[in-house]
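Participant: Here you go, input08.txt (compact mmCIF, C-alpha atoms):
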```
# COMPACT_ATOMS: atom_id res chain seq x y z
CA MET A 93 26.91 3.28 -8.16
CA PRO A 94 27.49 6.87 -9.30
CA ALA A 95 29.06 9.28 -6.81
CA PRO A 96 26.66 11.62 -5.07
CA ARG A 97 26.85 15.27 -6.05
CA PRO A 98 28.65 17.59 -3.63
CA VAL A 99 26.90 19.46 -0.85
CA VAL A 100 25.16 22.62 -2.08
CA ASN A 101 25.50 25.78 0.00
CA LEU A 102 22.56 28.05 -0.82
CA ASP A 103 24.31 31.31 0.13
CA ASP A 104 27.27 30.46 -2.08
CA LYS A 105 25.04 29.53 -5.00
CA PHE A 106 22.93 32.68 -4.74
CA ALA A 107 26.14 34.77 -4.61
CA SER A 108 27.33 33.23 -7.88
CA PHE A 109 24.89 34.97 -10.25
CA GLU A 110 22.96 38.19 -10.65
CA ASP A 111 20.35 37.74 -13.35
CA ARG A 112 16.68 37.81 -12.43
CA TRP A 113 13.91 35.38 -13.47
CA SER A 114 16.39 32.80 -14.71
CA PRO A 115 16.26 29.68 -12.52
CA LYS A 116 19.48 27.70 -12.06
CA ILE A 117 19.58 24.00 -11.22
CA ILE A 118 21.46 23.21 -8.02
CA ALA A 119 20.34 19.62 -7.37
CA LYS A 120 18.29 16.79 -8.79
CA MET A 121 16.15 14.34 -6.89
CA ASN A 122 14.48 11.58 -8.87
CA ASP A 123 12.78 13.37 -11.80
CA LEU A 124 12.79 16.74 -10.07
CA ASP A 125 14.98 19.77 -10.49
CA VAL A 126 15.84 21.80 -7.42
CA LYS A 127 16.41 25.34 -8.68
CA ILE A 128 17.22 28.73 -7.27
CA VAL A 129 16.18 32.04 -8.74
CA LYS A 130 16.46 35.77 -8.06
CA LEU A 131 13.20 37.59 -8.59
CA GLU A 132 12.52 41.31 -8.82
CA GLY A 133 9.44 42.92 -10.30
CA GLU A 134 6.48 41.11 -11.84
CA PHE A 135 6.52 37.82 -13.69
CA VAL A 136 3.82 36.75 -16.17
CA TRP A 137 0.56 35.05 -15.24
CA HIS A 138 0.93 31.35 -16.00
CA SER A 139 0.09 27.87 -14.84
CA HIS A 140 1.62 24.40 -14.99
CA VAL A 141 -1.01 21.94 -16.11
CA ASP A 142 0.76 18.78 -15.03
CA THR A 143 2.62 19.66 -11.88
CA ASP A 144 2.56 21.39 -8.55
CA GLU A 145 5.33 23.93 -7.94
CA LEU A 146 7.06 24.41 -4.60
CA PHE A 147 8.48 27.79 -3.52
CA LEU A 148 10.77 28.31 -0.53
CA VAL A 149 11.91 31.87 0.10
CA HIS A 150 15.55 32.21 1.15
CA ARG A 151 15.86 36.00 1.36
CA GLY A 152 13.54 38.94 0.70
CA GLU A 153 9.80 38.65 0.23
CA LEU A 154 7.72 37.10 -2.50
CA THR A 155 4.08 37.71 -3.30
CA ILE A 156 2.37 34.98 -5.29
CA GLN A 157 -0.80 36.27 -6.89
CA LEU A 158 -3.38 33.53 -7.48
CA ARG A 159 -6.18 34.05 -10.01
CA GLY A 160 -9.42 34.56 -8.10
CA ARG A 161 -7.85 34.09 -4.65
CA GLU A 162 -6.05 36.19 -2.09
CA ASP A 163 -2.39 36.88 -2.64
CA VAL A 164 0.08 34.71 -0.76
CA ILE A 165 3.07 36.41 0.86
CA LEU A 166 6.22 34.41 1.55
CA ARG A 167 9.05 35.52 3.81
CA PRO A 168 12.40 33.77 4.46
CA GLY A 169 11.93 30.21 5.67
CA GLU A 170 8.40 29.99 4.28
CA ILE A 171 7.11 27.40 1.83
CA PHE A 172 4.12 27.47 -0.49
CA VAL A 173 2.99 24.93 -3.07
CA VAL A 174 1.06 26.20 -6.09
CA PRO A 175 -1.32 23.38 -7.05
CA ARG A 176 -1.14 22.10 -10.61
CA GLY A 177 -3.29 24.07 -12.99
CA MET A 178 -3.63 27.10 -10.72
CA GLU A 179 -2.87 30.32 -12.54
CA HIS A 180 -0.37 32.36 -10.60
CA ARG A 181 2.03 35.28 -10.90
CA PRO A 182 5.10 35.80 -8.72
CA VAL A 183 5.78 39.43 -7.82
CA ALA A 184 8.76 40.70 -5.83
CA ALA A 185 8.69 44.39 -4.84
CA VAL A 186 12.35 44.11 -3.89
CA GLU A 187 14.89 41.47 -4.81
CA CYS A 188 13.91 38.03 -3.57
CA GLU A 189 15.93 34.81 -3.51
CA ALA A 190 13.85 31.67 -3.78
CA LEU A 191 14.25 27.93 -4.15
CA LEU A 192 11.89 26.14 -6.54
CA ILE A 193 11.17 22.45 -6.96
CA GLU A 194 9.43 21.09 -10.01
CA PRO A 195 9.91 18.25 -12.49
CA ALA A 196 12.83 18.47 -14.89
CA GLY A 197 11.79 20.04 -18.17
CA VAL A 198 9.07 22.31 -16.79
CA VAL A 199 9.14 25.64 -18.62
CA ASN A 200 9.10 28.64 -16.29
CA THR A 201 6.34 30.41 -18.18
CA GLY A 202 4.19 27.26 -18.24
CA ALA A 203 0.94 27.33 -20.22
CA ALA A 204 1.44 31.03 -20.98
CA GLY A 205 3.75 29.85 -23.75
CA ALA A 206 7.17 31.09 -24.79
CA GLY A 207 7.91 34.77 -24.35
CA ASP A 208 10.53 37.27 -23.19
CA ARG A 209 10.64 35.64 -19.78
CA THR A 210 10.96 32.05 -20.99
CA THR A 211 14.31 30.49 -20.07
CA MET A 212 15.67 26.99 -19.79
CA PRO A 213 17.58 26.40 -16.56
CA GLU A 214 21.29 25.62 -16.44
CA TRP A 215 23.29 23.96 -13.69
CA ILE A 216 25.36 26.15 -11.44
CA MET B 158 -9.95 23.36 -8.14
CA PRO B 159 -9.01 22.58 -4.52
CA ALA B 160 -7.71 25.43 -2.39
CA PRO B 161 -3.97 25.57 -1.95
CA ARG B 162 -2.63 24.72 1.49
CA PRO B 163 -1.57 27.64 3.67
CA VAL B 164 1.95 29.02 3.76
CA VAL B 165 4.28 26.95 5.95
CA ASN B 166 6.67 28.79 8.25
CA LEU B 167 9.58 26.48 9.04
CA ASP B 168 10.48 28.10 12.38
CA ASP B 169 6.90 27.81 13.58
CA LYS B 170 6.66 24.18 12.50
CA PHE B 171 9.94 23.19 14.14
CA ALA B 172 8.82 24.93 17.35
CA SER B 173 5.66 22.82 17.44
CA PHE B 174 7.19 19.47 18.37
CA GLU B 175 10.08 18.00 20.32
CA ASP B 176 10.46 14.34 19.42
CA ARG B 177 13.53 13.19 17.55
CA TRP B 178 13.74 10.93 14.47
CA SER B 179 10.05 11.27 13.73
CA PRO B 180 9.51 13.16 10.48
CA LYS B 181 6.38 15.32 10.17
CA ILE B 182 4.76 16.20 6.86
CA ILE B 183 4.48 19.94 6.24
CA ALA B 184 3.68 20.03 2.52
CA LYS B 185 3.00 17.84 -0.46
CA MET B 186 4.12 18.40 -4.03
CA ASN B 187 2.93 15.92 -6.65
CA ASP B 188 3.71 12.49 -5.16
CA LEU B 189 6.29 13.85 -2.73
CA ASP B 190 6.13 14.54 0.96
CA VAL B 191 8.02 17.53 2.31
CA LYS B 192 8.90 16.64 5.87
CA ILE B 193 10.76 18.15 8.79
CA VAL B 194 12.56 16.25 11.49
CA LYS B 195 14.64 16.85 14.60
CA LEU B 196 17.68 14.63 14.78
CA GLU B 197 20.01 13.94 17.69
CA GLY B 198 22.37 11.02 18.00
CA GLU B 199 22.80 8.22 15.48
CA PHE B 200 20.19 6.77 13.17
CA VAL B 201 20.41 3.28 11.64
CA TRP B 202 22.26 2.40 8.45
CA HIS B 203 19.69 2.08 5.69
CA SER B 204 19.01 2.73 2.03
CA HIS B 205 16.01 3.53 -0.15
CA VAL B 206 16.07 1.26 -3.18
CA ASP B 207 13.63 3.23 -5.31
CA THR B 208 14.24 6.85 -4.51
CA ASP B 209 16.74 9.59 -3.91
CA GLU B 210 16.39 11.49 -0.63
CA LEU B 211 16.96 15.23 -0.27
CA PHE B 212 18.22 16.76 2.99
CA LEU B 213 18.25 20.50 3.73
CA VAL B 214 19.61 21.51 7.12
CA HIS B 215 17.67 24.31 8.82
CA ARG B 216 19.55 24.53 12.14
CA GLY B 217 22.45 22.65 13.72
CA GLU B 218 24.74 20.30 11.87
CA LEU B 219 24.13 16.92 10.28
CA THR B 220 26.68 14.30 9.32
CA ILE B 221 25.55 11.81 6.71
CA GLN B 222 27.74 8.75 6.74
CA LEU B 223 27.87 6.98 3.37
CA ARG B 224 28.96 3.34 3.14
CA GLY B 225 32.42 3.22 1.59
CA ARG B 226 32.66 7.00 1.06
CA GLU B 227 33.68 10.06 3.02
CA ASP B 228 31.17 11.50 5.44
CA VAL B 229 29.13 14.46 4.27
CA ILE B 230 28.65 17.36 6.70
CA LEU B 231 25.68 19.67 6.28
CA ARG B 232 25.27 23.04 7.95
CA PRO B 233 22.28 25.41 7.85
CA GLY B 234 21.30 26.30 4.31
CA GLU B 235 23.05 23.28 2.84
CA ILE B 236 21.49 20.60 0.66
CA PHE B 237 22.57 17.05 -0.09
CA VAL B 238 20.84 14.35 -2.10
CA VAL B 239 21.48 10.73 -1.14
CA PRO B 240 21.25 8.74 -4.40
CA ARG B 241 18.81 5.87 -4.50
CA GLY B 242 20.26 2.65 -3.21
CA MET B 243 23.15 4.30 -1.39
CA GLU B 244 23.47 3.04 2.17
CA HIS B 245 23.66 5.95 4.58
CA ARG B 246 23.35 6.86 8.23
CA PRO B 247 22.44 10.32 9.54
CA VAL B 248 24.29 11.31 12.71
CA ALA B 249 23.76 14.54 14.67
CA ALA B 250 26.21 15.21 17.51
CA VAL B 251 23.88 17.95 18.75
CA GLU B 252 20.26 18.60 17.90
CA CYS B 253 19.72 19.25 14.21
CA GLU B 254 16.62 20.47 12.40
CA ALA B 255 16.32 19.25 8.83
CA LEU B 256 13.90 19.27 5.94
CA LEU B 257 13.52 16.05 3.93
CA ILE B 258 11.91 15.44 0.58
CA GLU B 259 11.01 11.98 -0.62
CA PRO B 260 8.03 10.23 -2.17
CA ALA B 261 4.95 9.72 -0.03
CA GLY B 262 5.00 6.34 1.65
CA VAL B 263 8.76 6.00 1.97
CA VAL B 264 9.61 4.36 5.29
CA ASN B 265 12.30 6.21 7.24
CA THR B 266 14.33 3.09 7.95
CA GLY B 267 14.19 2.01 4.30
CA ALA B 268 15.61 -1.36 3.35
CA ALA B 269 16.85 -1.89 6.92
CA GLY B 270 13.31 -2.99 7.70
CA ALA B 271 11.03 -2.09 10.56
CA GLY B 272 12.66 -1.45 13.92
CA ASP B 273 12.63 0.83 16.97
CA ARG B 274 13.28 3.83 14.78
CA THR B 275 10.60 3.10 12.20
CA THR B 276 7.81 5.68 12.19
CA MET B 277 5.13 6.78 9.75
CA PRO B 278 4.97 10.54 9.34
CA GLU B 279 1.97 12.62 10.35
CA TRP B 280 0.95 16.08 9.16
CA ILE B 281 1.67 18.99 11.44
```
For this file, produce the structure as structure tokens.
Facilitator:
Amino acid sequence: MPAPRPVVNLDDKFASFEDRWSPKIIAKMNDLDVKIVKLEGEFVWHSHVDTDELFLVHRGELTIQLRGREDVILRPGEIFVVPRGMEHRPVAAVECEALLIEPAGVVNTGAAGAGDRTTMPEWI
Amino acid sequence: MPAPRPVVNLDDKFASFEDRWSPKIIAKMNDLDVKIVKLEGEFVWHSHVDTDELFLVHRGELTIQLRGREDVILRPGEIFVVPRGMEHRPVAAVECEALLIEPAGVVNTGAAGAGDRTTMPEWI
């Protein structure tokens, strides 16, 4: 049986990078990637046709705009799941640290297609 | 398209129950349950044959004993994934609040079979 991966300390991981909008993989569970990201400013409107997306805010505040619905505001220790297919746009007025969970291989810009903000996550 | 579920505040959810070793569902993402649990004392040795299990400690400290390996100690803001099939036993010397992620329908006592500690999670 393969060895388990080491314990992940979220504060340490967030302290290890500076770039915004570029999720980093910190753990895997079954077919899912557990990622962390620093957000600041506005992302692009997009959706993920085949999967829900879980957000957990670690520090700061995150607004998730939802097409045709009221904005959702997440503060530290708050979780929100964007249902599959729902068009959304994350916006962070000030720097926000968030944890994301979604299947491995999901592209951050989803059905909006590749653009300036499209990145493929790396392990940290 | 169905409405998304409301934002979940972890502190509020943990404050809403007292019982130990009885995970509560707070969110769903695809086929996964996101659960929270209060732990105190020793659980039973068990494994989950078909799935990894993610632990994130919210408050307190959690030791995860792993059969044949060194114990893992998790403090607040720390994540550990127990690989599928790996026999483990959570132990909390003092009360610990933790978030768990695993597929819907997973029984908490796993391959150890039903016993005093077996519970089916409810939504809170």
Participant: In Å, how far is it from CA of Asp123 (chain A) to CA of Pro260 (chain B)?
Facilitator: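 Going from CA of Asp123 (chain A) over to CA of Pro260 (chain B), I get 11.2 Å.
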Participant: With distances taken over only C-alpha atoms, which of B:Thr266, B:Thr220, B:Asn166, B:Ser204 is nearest to chain A?
Facilitator: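 Using only C-alpha atoms, chain A sits closest to B:Asn166.
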Participant: Which is closest to Lys192 (chain B) among A:Gln157, A:Pro98, A:Arg151, A:Ile171, if we use all atoms listed in the file?
Facilitator: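 Ranked by minimum distance to Lys192 (chain B), first place goes to A:Ile171.
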Participant: Rank B:Pro278, B:Pro159, B:Gly217, B:Gly234 by their smallest atom-to-atom distance to Leu191 (chain A), using all atoms listed in the file, and report the top residue only.
Facilitator: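 Answer, going by the shortest atom-to-atom distance: B:Gly234.
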Participant: Looking at all atoms listed in the file, which of A:Val129, A:Val141, A:Ala206, A:Leu124 is the one that sits closest to Glu179 (chain A)?
Facilitator: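 For Glu179 (chain A), the nearest of the candidates is A:Val141.
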Participant: Residues around (22.9, 17.8, 19.5), cut-off 9 Å, counting all atoms listed in the file - what are they as a tab-separated table (two decimals) with C-alpha atoms, in the frame of the given file?
Facilitator:
```tsv
chain	number	residue	atom	x	y	z
B	196	LEU	CA	17.68	14.63	14.78
B	197	GLU	CA	20.01	13.94	17.69
B	198	GLY	CA	22.37	11.02	18.00
B	217	GLY	CA	22.45	22.65	13.72
B	218	GLU	CA	24.74	20.30	11.87
B	249	ALA	CA	23.76	14.54	14.67
B	250	ALA	CA	26.21	15.21	17.51
B	251	VAL	CA	23.88	17.95	18.75
B	252	GLU	CA	20.26	18.60	17.90
B	253	CYS	CA	19.72	19.25	14.21
```
Participant: Neighbouring residues of Ala172 (chain B) were defined as those with any atom within 12 Å, considering all atoms listed in the file; residues of the same chain fewer than 4 positions away were excluded. Please report them as a ChimeraX atom specification.
Facilitator: /B:166-168,176,193-195,216,254,281
